[in-house]
>>> print(open('upload-v9.pdb').read())   # PDB, C-alpha atoms, pLDDT in the B column
MODEL        1
ATOM      1  CA  MET A 148      58.147 -32.866  74.309  1.00 88.00           C
ATOM      2  CA  PRO A 149      54.559 -31.652  73.821  1.00 91.00           C
ATOM      3  CA  LYS A 150      53.142 -29.425  76.552  1.00 94.00           C
ATOM      4  CA  ARG A 151      49.524 -30.612  76.530  1.00 96.00           C
ATOM      5  CA  LEU A 152      48.995 -33.255  73.885  1.00 98.00           C
ATOM      6  CA  THR A 153      50.652 -36.629  73.694  1.00 97.00           C
ATOM      7  CA  GLU A 154      53.172 -37.414  70.983  1.00 97.00           C
ATOM      8  CA  GLN A 155      50.588 -39.789  69.520  1.00 97.00           C
ATOM      9  CA  GLN A 156      48.041 -36.972  69.309  1.00 98.00           C
ATOM     10  CA  VAL A 157      50.539 -34.700  67.569  1.00 98.00           C
ATOM     11  CA  GLU A 158      51.228 -37.447  65.040  1.00 98.00           C
ATOM     12  CA  GLN A 159      47.499 -38.018  64.587  1.00 98.00           C
ATOM     13  CA  TYR A 160      47.013 -34.335  63.786  1.00 98.00           C
ATOM     14  CA  LYS A 161      49.730 -34.472  61.153  1.00 98.00           C
ATOM     15  CA  ARG A 162      48.280 -37.660  59.644  1.00 98.00           C
ATOM     16  CA  ASP A 163      44.526 -37.113  59.955  1.00 98.00           C
ATOM     17  CA  GLY A 164      44.201 -33.336  60.355  1.00 98.00           C
ATOM     18  CA  PHE A 165      42.415 -33.453  63.698  1.00 98.00           C
ATOM     19  CA  VAL A 166      42.638 -34.452  67.367  1.00 98.00           C
ATOM     20  CA  SER A 167      39.623 -35.075  69.597  1.00 96.00           C
ATOM     21  CA  PRO A 168      38.731 -34.931  72.436  1.00 97.00           C
ATOM     22  CA  VAL A 169      40.998 -32.823  74.650  1.00 98.00           C
ATOM     23  CA  ARG A 170      39.658 -31.771  78.055  1.00 98.00           C
ATOM     24  CA  VAL A 171      40.341 -28.029  78.612  1.00 98.00           C
ATOM     25  CA  ILE A 172      37.815 -27.040  81.311  1.00 98.00           C
ATOM     26  CA  SER A 173      35.549 -28.894  83.710  1.00 98.00           C
ATOM     27  CA  GLU A 174      31.916 -29.618  82.917  1.00 98.00           C
ATOM     28  CA  ASP A 175      30.999 -27.235  85.752  1.00 98.00           C
ATOM     29  CA  ASP A 176      32.985 -24.402  84.152  1.00 97.00           C
ATOM     30  CA  ALA A 177      31.465 -25.175  80.765  1.00 98.00           C
ATOM     31  CA  ALA A 178      28.009 -24.895  82.371  1.00 98.00           C
ATOM     32  CA  LYS A 179      28.968 -21.523  83.900  1.00 97.00           C
ATOM     33  CA  PHE A 180      30.175 -20.188  80.547  1.00 97.00           C
ATOM     34  CA  ARG A 181      26.999 -21.420  78.876  1.00 97.00           C
ATOM     35  CA  GLU A 182      24.954 -19.659  81.547  1.00 97.00           C
ATOM     36  CA  LYS A 183      26.821 -16.400  80.909  1.00 96.00           C
ATOM     37  CA  LEU A 184      26.175 -16.691  77.178  1.00 96.00           C
ATOM     38  CA  GLN A 185      22.484 -17.336  77.726  1.00 95.00           C
ATOM     39  CA  GLU A 186      22.222 -14.493  80.238  1.00 95.00           C
ATOM     40  CA  PHE A 187      23.518 -12.219  77.475  1.00 95.00           C
ATOM     41  CA  GLU A 188      20.859 -13.561  75.104  1.00 94.00           C
ATOM     42  CA  THR A 189      18.125 -13.069  77.699  1.00 96.00           C
ATOM     43  CA  ALA A 190      19.248  -9.504  78.395  1.00 95.00           C
ATOM     44  CA  GLN A 191      19.094  -8.539  74.717  1.00 92.00           C
ATOM     45  CA  GLY A 192      15.859 -10.451  74.128  1.00 94.00           C
ATOM     46  CA  ALA A 193      17.251 -12.551  71.271  1.00 92.00           C
ATOM     47  CA  ALA A 194      19.690 -15.340  70.550  1.00 91.00           C
ATOM     48  CA  ILE A 195      23.248 -14.309  69.795  1.00 92.00           C
ATOM     49  CA  HIS A 196      23.358 -13.341  66.138  1.00 89.00           C
ATOM     50  CA  GLY A 197      25.222 -11.614  63.316  1.00 86.00           C
ATOM     51  CA  THR A 198      28.582 -10.085  64.162  1.00 86.00           C
ATOM     52  CA  GLN A 199      28.098 -11.007  67.837  1.00 90.00           C
ATOM     53  CA  LYS A 200      29.081 -14.539  66.816  1.00 90.00           C
ATOM     54  CA  THR A 201      32.372 -13.383  65.282  1.00 90.00           C
ATOM     55  CA  LYS A 202      35.460 -12.736  67.413  1.00 93.00           C
ATOM     56  CA  CYS A 203      33.328 -13.306  70.496  1.00 94.00           C
ATOM     57  CA  SER A 204      36.442 -13.374  72.709  1.00 94.00           C
ATOM     58  CA  LEU A 205      36.559  -9.596  72.172  1.00 94.00           C
ATOM     59  CA  LEU A 206      32.976  -9.319  73.477  1.00 93.00           C
ATOM     60  CA  PHE A 207      32.817 -11.799  76.345  1.00 95.00           C
ATOM     61  CA  PRO A 208      35.484 -11.768  79.095  1.00 95.00           C
ATOM     62  CA  TRP A 209      34.802 -15.437  79.854  1.00 96.00           C
ATOM     63  CA  ALA A 210      35.452 -16.388  76.218  1.00 96.00           C
ATOM     64  CA  TYR A 211      38.723 -14.436  76.250  1.00 97.00           C
ATOM     65  CA  GLU A 212      39.696 -16.224  79.475  1.00 96.00           C
ATOM     66  CA  LEU A 213      38.958 -19.619  77.937  1.00 97.00           C
ATOM     67  CA  PHE A 214      40.657 -19.135  74.572  1.00 97.00           C
ATOM     68  CA  THR A 215      43.794 -17.565  76.007  1.00 98.00           C
ATOM     69  CA  SER A 216      44.116 -20.129  78.810  1.00 98.00           C
ATOM     70  CA  ASP A 217      47.175 -22.358  79.099  1.00 98.00           C
ATOM     71  CA  ALA A 218      44.923 -25.386  78.700  1.00 98.00           C
ATOM     72  CA  VAL A 219      43.974 -24.257  75.180  1.00 98.00           C
ATOM     73  CA  LEU A 220      47.172 -22.488  74.114  1.00 98.00           C
ATOM     74  CA  ASP A 221      49.488 -25.288  75.240  1.00 98.00           C
ATOM     75  CA  ALA A 222      47.612 -27.695  72.959  1.00 98.00           C
ATOM     76  CA  VAL A 223      47.739 -25.186  70.109  1.00 98.00           C
ATOM     77  CA  GLU A 224      51.474 -24.640  70.661  1.00 98.00           C
ATOM     78  CA  ASP A 225      52.043 -28.385  70.391  1.00 98.00           C
ATOM     79  CA  LEU A 226      50.714 -28.154  66.819  1.00 98.00           C
ATOM     80  CA  ILE A 227      51.870 -24.787  65.424  1.00 98.00           C
ATOM     81  CA  GLY A 228      54.723 -23.626  67.668  1.00 98.00           C
ATOM     82  CA  PRO A 229      55.274 -21.035  70.412  1.00 98.00           C
ATOM     83  CA  ASN A 230      54.319 -17.871  68.507  1.00 98.00           C
ATOM     84  CA  ILE A 231      50.541 -17.705  68.296  1.00 98.00           C
ATOM     85  CA  LEU A 232      48.041 -15.234  66.877  1.00 98.00           C
ATOM     86  CA  GLN A 233      44.339 -15.616  67.588  1.00 98.00           C
ATOM     87  CA  TYR A 234      42.569 -14.928  64.305  1.00 96.00           C
ATOM     88  CA  GLN A 235      38.980 -15.905  65.028  1.00 95.00           C
ATOM     89  CA  CYS A 236      36.661 -16.934  67.827  1.00 96.00           C
ATOM     90  CA  GLY A 237      33.177 -17.836  66.639  1.00 94.00           C
ATOM     91  CA  VAL A 238      29.998 -19.102  68.297  1.00 95.00           C
ATOM     92  CA  TRP A 239      28.249 -22.063  66.650  1.00 93.00           C
ATOM     93  CA  ILE A 240      24.767 -22.895  67.952  1.00 94.00           C
ATOM     94  CA  LYS A 241      22.243 -25.390  66.630  1.00 94.00           C
ATOM     95  CA  GLU A 242      18.801 -25.217  68.146  1.00 94.00           C
ATOM     96  CA  PRO A 243      17.003 -28.546  68.602  1.00 94.00           C
ATOM     97  CA  GLU A 244      15.137 -29.694  65.484  1.00 89.00           C
ATOM     98  CA  SER A 245      15.924 -26.415  63.710  1.00 87.00           C
ATOM     99  CA  GLY A 246      17.234 -28.171  60.609  1.00 87.00           C
ATOM    100  CA  SER A 247      20.521 -26.241  60.825  1.00 85.00           C
ATOM    101  CA  TYR A 248      23.509 -27.986  59.277  1.00 84.00           C
ATOM    102  CA  VAL A 249      26.938 -27.176  57.823  1.00 87.00           C
ATOM    103  CA  SER A 250      27.856 -28.334  54.313  1.00 87.00           C
ATOM    104  CA  TRP A 251      31.169 -30.061  53.549  1.00 92.00           C
ATOM    105  CA  HIS A 252      33.820 -27.341  53.409  1.00 91.00           C
ATOM    106  CA  GLN A 253      37.335 -26.177  54.276  1.00 94.00           C
ATOM    107  CA  ASP A 254      37.822 -23.204  56.603  1.00 93.00           C
ATOM    108  CA  SER A 255      40.710 -22.147  54.370  1.00 92.00           C
ATOM    109  CA  THR A 256      38.271 -21.249  51.571  1.00 90.00           C
ATOM    110  CA  TYR A 257      36.971 -18.176  53.350  1.00 85.00           C
ATOM    111  CA  TYR A 258      39.975 -17.378  55.574  1.00 89.00           C
ATOM    112  CA  GLY A 259      42.480 -17.102  52.700  1.00 89.00           C
ATOM    113  CA  MET A 260      45.951 -17.932  54.061  1.00 93.00           C
ATOM    114  CA  ASP A 261      49.382 -18.993  52.881  1.00 96.00           C
ATOM    115  CA  PRO A 262      50.699 -21.377  54.071  1.00 97.00           C
ATOM    116  CA  LEU A 263      47.697 -23.339  55.349  1.00 97.00           C
ATOM    117  CA  GLU A 264      48.686 -23.669  58.997  1.00 97.00           C
ATOM    118  CA  LEU A 265      45.751 -22.336  61.032  1.00 97.00           C
ATOM    119  CA  VAL A 266      44.323 -24.682  63.651  1.00 98.00           C
ATOM    120  CA  SER A 267      40.835 -24.362  65.135  1.00 98.00           C
ATOM    121  CA  GLY A 268      40.076 -25.360  68.706  1.00 98.00           C
ATOM    122  CA  TRP A 269      36.325 -26.150  69.004  1.00 98.00           C
ATOM    123  CA  VAL A 270      35.119 -26.186  72.621  1.00 98.00           C
ATOM    124  CA  ALA A 271      31.748 -27.684  73.560  1.00 98.00           C
ATOM    125  CA  LEU A 272      29.537 -25.884  76.090  1.00 98.00           C
ATOM    126  CA  SER A 273      26.804 -28.503  75.664  1.00 98.00           C
ATOM    127  CA  PRO A 274      27.012 -32.113  74.470  1.00 97.00           C
ATOM    128  CA  ALA A 275      28.102 -32.344  70.826  1.00 97.00           C
ATOM    129  CA  THR A 276      27.083 -35.846  69.769  1.00 97.00           C
ATOM    130  CA  ALA A 277      25.900 -37.654  66.670  1.00 96.00           C
ATOM    131  CA  GLU A 278      22.340 -36.898  67.795  1.00 97.00           C
ATOM    132  CA  THR A 279      22.916 -33.180  68.359  1.00 96.00           C
ATOM    133  CA  GLY A 280      24.902 -32.657  65.138  1.00 95.00           C
ATOM    134  CA  CYS A 281      28.563 -32.776  66.142  1.00 96.00           C
ATOM    135  CA  MET A 282      31.311 -31.962  63.658  1.00 96.00           C
ATOM    136  CA  GLN A 283      32.194 -34.756  61.248  1.00 97.00           C
ATOM    137  CA  VAL A 284      35.444 -34.875  59.317  1.00 97.00           C
ATOM    138  CA  LEU A 285      37.177 -36.688  56.478  1.00 97.00           C
ATOM    139  CA  PRO A 286      40.520 -37.842  57.941  1.00 98.00           C
ATOM    140  CA  GLY A 287      43.556 -36.906  55.876  1.00 97.00           C
ATOM    141  CA  SER A 288      41.653 -34.558  53.564  1.00 97.00           C
ATOM    142  CA  HIS A 289      43.824 -31.624  54.693  1.00 97.00           C
ATOM    143  CA  LYS A 290      46.721 -33.139  52.741  1.00 96.00           C
ATOM    144  CA  ALA A 291      44.928 -32.281  49.474  1.00 95.00           C
ATOM    145  CA  GLY A 292      45.563 -28.572  50.089  1.00 94.00           C
ATOM    146  CA  GLN A 293      43.142 -25.912  48.932  1.00 94.00           C
ATOM    147  CA  LEU A 294      40.349 -27.550  46.940  1.00 93.00           C
ATOM    148  CA  PRO A 295      37.901 -26.111  44.376  1.00 91.00           C
ATOM    149  CA  VAL A 296      34.483 -25.108  45.661  1.00 88.00           C
ATOM    150  CA  ASP A 297      30.929 -25.028  44.325  1.00 85.00           C
ATOM    151  CA  TYR A 298      28.721 -22.204  45.575  1.00 82.00           C
ATOM    152  CA  THR A 299      24.946 -22.327  45.731  1.00 74.00           C
ATOM    153  CA  GLU A 300      22.418 -19.782  46.857  1.00 63.00           C
ATOM    154  CA  GLY A 301      22.489 -21.632  50.118  1.00 58.00           C
ATOM    155  CA  SER A 302      19.497 -22.173  52.350  1.00 66.00           C
ATOM    156  CA  ASP A 303      18.219 -20.785  55.609  1.00 72.00           C
ATOM    157  CA  ASP A 304      19.275 -24.043  57.257  1.00 77.00           C
ATOM    158  CA  ASN A 305      22.913 -24.031  56.095  1.00 78.00           C
ATOM    159  CA  LEU A 306      24.997 -22.192  58.695  1.00 76.00           C
ATOM    160  CA  LEU A 307      27.433 -21.322  55.870  1.00 74.00           C
ATOM    161  CA  ALA A 308      25.739 -18.360  54.216  1.00 68.00           C
ATOM    162  CA  SER A 309      27.604 -18.914  50.940  1.00 72.00           C
ATOM    163  CA  GLY A 310      26.328 -22.471  50.675  1.00 74.00           C
ATOM    164  CA  GLN A 311      29.846 -23.559  49.757  1.00 80.00           C
ATOM    165  CA  ALA A 312      30.518 -27.213  49.027  1.00 84.00           C
ATOM    166  CA  THR A 313      34.107 -28.384  48.661  1.00 89.00           C
ATOM    167  CA  ARG A 314      34.780 -30.710  45.731  1.00 89.00           C
ATOM    168  CA  TYR A 315      36.084 -33.742  47.564  1.00 90.00           C
ATOM    169  CA  PRO A 316      34.801 -37.332  47.420  1.00 90.00           C
ATOM    170  CA  VAL A 317      32.840 -38.154  50.556  1.00 91.00           C
ATOM    171  CA  ASP A 318      33.209 -41.805  51.520  1.00 91.00           C
ATOM    172  CA  GLU A 319      30.594 -42.364  54.229  1.00 90.00           C
ATOM    173  CA  SER A 320      32.611 -45.271  55.626  1.00 93.00           C
ATOM    174  CA  GLN A 321      35.575 -42.963  56.310  1.00 94.00           C
ATOM    175  CA  ILE A 322      33.708 -40.190  58.164  1.00 96.00           C
ATOM    176  CA  ALA A 323      34.956 -39.588  61.717  1.00 97.00           C
ATOM    177  CA  LEU A 324      32.634 -38.021  64.289  1.00 97.00           C
ATOM    178  CA  MET A 325      34.166 -35.531  66.730  1.00 97.00           C
ATOM    179  CA  GLU A 326      31.810 -36.069  69.638  1.00 98.00           C
ATOM    180  CA  LEU A 327      32.499 -33.864  72.651  1.00 98.00           C
ATOM    181  CA  GLN A 328      31.193 -33.490  76.164  1.00 98.00           C
ATOM    182  CA  PRO A 329      30.954 -30.018  77.744  1.00 98.00           C
ATOM    183  CA  GLY A 330      34.444 -28.677  78.435  1.00 98.00           C
ATOM    184  CA  GLU A 331      36.148 -30.853  75.819  1.00 98.00           C
ATOM    185  CA  MET A 332      37.892 -29.462  72.739  1.00 98.00           C
ATOM    186  CA  SER A 333      38.597 -30.795  69.282  1.00 98.00           C
ATOM    187  CA  LEU A 334      41.410 -29.425  67.118  1.00 98.00           C
ATOM    188  CA  HIS A 335      41.276 -29.399  63.332  1.00 98.00           C
ATOM    189  CA  HIS A 336      43.459 -28.187  60.456  1.00 98.00           C
ATOM    190  CA  VAL A 337      42.267 -25.249  58.353  1.00 97.00           C
ATOM    191  CA  ALA A 338      42.179 -27.401  55.192  1.00 97.00           C
ATOM    192  CA  LEU A 339      40.411 -30.402  56.734  1.00 97.00           C
ATOM    193  CA  VAL A 340      37.127 -31.121  54.932  1.00 97.00           C
ATOM    194  CA  HIS A 341      34.334 -31.184  57.505  1.00 95.00           C
ATOM    195  CA  SER A 342      30.611 -30.662  58.022  1.00 93.00           C
ATOM    196  CA  SER A 343      27.853 -31.281  60.534  1.00 94.00           C
ATOM    197  CA  ARG A 344      24.296 -32.565  60.473  1.00 93.00           C
ATOM    198  CA  PRO A 345      21.136 -31.144  62.082  1.00 93.00           C
ATOM    199  CA  ASN A 346      20.507 -31.288  65.810  1.00 95.00           C
ATOM    200  CA  HIS A 347      17.909 -33.961  66.548  1.00 95.00           C
ATOM    201  CA  GLY A 348      18.441 -33.799  70.306  1.00 95.00           C
ATOM    202  CA  ALA A 349      16.368 -32.025  72.938  1.00 95.00           C
ATOM    203  CA  ASP A 350      19.038 -29.469  73.903  1.00 96.00           C
ATOM    204  CA  ARG A 351      20.896 -26.697  72.118  1.00 96.00           C
ATOM    205  CA  ARG A 352      24.265 -27.708  70.667  1.00 97.00           C
ATOM    206  CA  ILE A 353      26.603 -24.882  71.675  1.00 97.00           C
ATOM    207  CA  GLY A 354      30.234 -24.676  70.616  1.00 96.00           C
ATOM    208  CA  ILE A 355      32.833 -21.943  70.304  1.00 97.00           C
ATOM    209  CA  ALA A 356      35.784 -22.229  67.946  1.00 97.00           C
ATOM    210  CA  GLY A 357      39.029 -20.301  68.312  1.00 97.00           C
ATOM    211  CA  GLY A 358      41.278 -20.028  65.258  1.00 97.00           C
ATOM    212  CA  TYR A 359      45.052 -19.786  65.791  1.00 98.00           C
ATOM    213  CA  LEU A 360      47.986 -19.384  63.430  1.00 98.00           C
ATOM    214  CA  PRO A 361      51.733 -18.745  63.559  1.00 98.00           C
ATOM    215  CA  PRO A 362      52.671 -15.155  62.583  1.00 98.00           C
ATOM    216  CA  HIS A 363      54.468 -16.178  59.384  1.00 98.00           C
ATOM    217  CA  VAL A 364      51.128 -17.134  57.796  1.00 97.00           C
ATOM    218  CA  ALA A 365      50.049 -14.328  55.429  1.00 96.00           C
ATOM    219  CA  GLN A 366      46.581 -13.238  54.336  1.00 94.00           C
ATOM    220  CA  THR A 367      45.696 -13.801  50.677  1.00 92.00           C
ATOM    221  CA  THR A 368      42.293 -12.082  50.622  1.00 87.00           C
ATOM    222  CA  ASP A 369      41.687  -8.460  49.645  1.00 85.00           C
ATOM    223  CA  LEU A 370      39.908  -7.866  52.925  1.00 83.00           C
ATOM    224  CA  LYS A 371      42.552  -7.871  55.652  1.00 86.00           C
ATOM    225  CA  ALA A 372      41.597  -9.082  59.114  1.00 92.00           C
ATOM    226  CA  SER A 373      43.097  -8.087  62.433  1.00 95.00           C
ATOM    227  CA  ALA A 374      44.405 -10.513  65.039  1.00 96.00           C
ATOM    228  CA  MET A 375      45.620 -10.701  68.636  1.00 97.00           C
ATOM    229  CA  LEU A 376      49.034 -11.906  69.743  1.00 98.00           C
ATOM    230  CA  VAL A 377      48.241 -14.367  72.546  1.00 98.00           C
ATOM    231  CA  ARG A 378      51.639 -16.043  72.977  1.00 98.00           C
ATOM    232  CA  GLY A 379      55.235 -15.405  71.903  1.00 98.00           C
ATOM    233  CA  GLU A 380      56.292 -12.835  69.300  1.00 98.00           C
ATOM    234  CA  ASP A 381      55.165 -11.555  65.902  1.00 98.00           C
ATOM    235  CA  ASN A 382      58.119 -10.673  63.691  1.00 97.00           C
ATOM    236  CA  TYR A 383      56.164 -10.572  60.426  1.00 97.00           C
ATOM    237  CA  GLY A 384      53.418  -7.942  60.758  1.00 95.00           C
ATOM    238  CA  HIS A 385      50.916  -9.604  58.433  1.00 95.00           C
ATOM    239  CA  TYR A 386      47.988  -8.727  60.718  1.00 95.00           C
ATOM    240  CA  PRO A 387      47.127  -5.448  62.452  1.00 94.00           C
ATOM    241  CA  LEU A 388      47.520  -6.227  66.158  1.00 95.00           C
ATOM    242  CA  ILE A 389      44.808  -3.794  67.209  1.00 95.00           C
ATOM    243  CA  GLU A 390      42.589  -6.149  69.186  1.00 94.00           C
ATOM    244  CA  GLN A 391      42.344  -5.735  72.958  1.00 93.00           C
ATOM    245  CA  PRO A 392      40.901  -7.967  75.698  1.00 93.00           C
ATOM    246  CA  PRO A 393      37.256  -7.140  76.510  1.00 93.00           C
ATOM    247  CA  ARG A 394      36.355  -5.152  79.604  1.00 80.00           C
ATOM    248  CA  GLY A 395      32.746  -6.325  79.557  1.00 66.00           C
ATOM    249  CA  VAL A 396      29.965  -7.371  77.213  1.00 58.00           C
ATOM    250  CA  ASP A 397      29.107  -3.728  76.542  1.00 50.00           C
ATOM    251  CA  ASP A 398      32.718  -2.846  75.702  1.00 50.00           C
ATOM    252  CA  THR A 399      32.678  -1.323  72.212  1.00 44.00           C
ATOM    253  CA  ALA A 400      36.120   0.286  72.322  1.00 43.00           C
TER     254      ALA A 400
ENDMDL
END
>>> encode(input="upload-v9.pdb", output="C-alpha cells")
Amino acid sequence: MPKRLTEQQVEQYKRDGFVSPVRVISEDDAAKFREKLQEFETAQGAAIHGTQKTKCSLLFPWAYELFTSDAVLDAVEDLIGPNILQYQCGVWIKEPESGSYVSWHQDSTYYGMDPLELVSGWVALSPATAETGCMQVLPGSHKAGQLPVDYTEGSDDNLLASGQATRYPVDESQIALMELQPGEMSLHHVALVHSSRPNHGADRRIGIAGGYLPPHVAQTTDLKASAMLVRGEDNYGHYPLIEQPPRGVDDTA
C-alpha cells in the first residue's frame, strides 16, 4: 500500500507522468519559508541568483527540512521505492510581468541518467496558477523516452539558459496545468515534456523543486554530480555522497 499517495495517484503517475496537487505543508508554513527566503534576499541586497538557486537545500536549513520531510519523501517513495537519493533542489522564481518563461523540455536532457527514473517534487511557496505561469505538461510524453532537442541562443526571458526545445508535438488541447496553492506539491517524471508561461499576476511565483532518484540510476554525463542519501541504502555508488545538511545560510563547508 502507498504511504502518502493513493493507488489511483500512483497509477496516474505511471500513465501520465505526473501527479498534482499533493499537500505537504500548511499555507502558514509555506508563508514562513517564503519569508525566510526573502529575508535572505534582503540581507544580500539582491534576489537569489546563480548557484544559490542550485541545491538550495544545502544552503537553507528550512529547505532541507522541507525536502527531507516524511510528507515529501513518503510520496516520493510511493513512486520510486524506499532507497532515495536527493540529486537536486532548485529555486524557480518568476517576477510579475517579467516575461520569464520556460520552453518545452525534458529534465532528463540536462541531468543525463540511465534509466530515466528521477522524480521531481515541485513545492509552491506562492500561488502557481495559470495567471502566474504555473507548470504545464503534456500527459504521457514521458513514455517516449529521451527525445531529440533543438538548441537556440536562448533569450534573457527563457529560464533555461540553453534555450532547449524538445522535439515533441504540442497539442494545445492536451496540455494539463499543474496549478498549486502555497504548500502543495506536484510530482513529475524526469522525461515528461513540460514548460511554463510568463507570470501575468501581481505577485512573485515562487517554487522549489527537489529531484529524487533510486541509487541504481547511473549518470551518463561527463560531469559527475554529487547527491545525498535521504532514505534507505545506496548499494551502487554512482554518486559521491559528500553532501551534508546545512548548518545555516552562511555555511560554506
>>> residues_near_point(input="upload-v9.pdb", point="(41.4, -30.0, 58.3)", cutoff="12 Å", atoms="all atoms listed in the file", output="MDAnalysis selection string")
chainID A and resid 159:166 251:256 263:268 282:294 333:342
>>> atom_distance(input="upload-v9.pdb", atom1="atom CA of Ser273 of chain A", atom2="atom CA of Asp303 of chain A")
23.1 Å
>>> closest_residue(input="upload-v9.pdb", among="A:Val317, A:Val157, A:Val270, A:Met375", to="Leu226 of chain A", atoms="only C-alpha atoms")
A:Val157
>>> closest_residue(input="upload-v9.pdb", among="A:Leu324, A:Ala372, A:Ile389, A:Leu272", to="Lys179 of chain A", atoms="only C-alpha atoms")
A:Leu272
>>> closest_residue(input="upload-v9.pdb", among="A:Ala365, A:Leu388, A:Cys281, A:Ala312", to="Arg344 of chain A", atoms="only C-alpha atoms")
A:Cys281
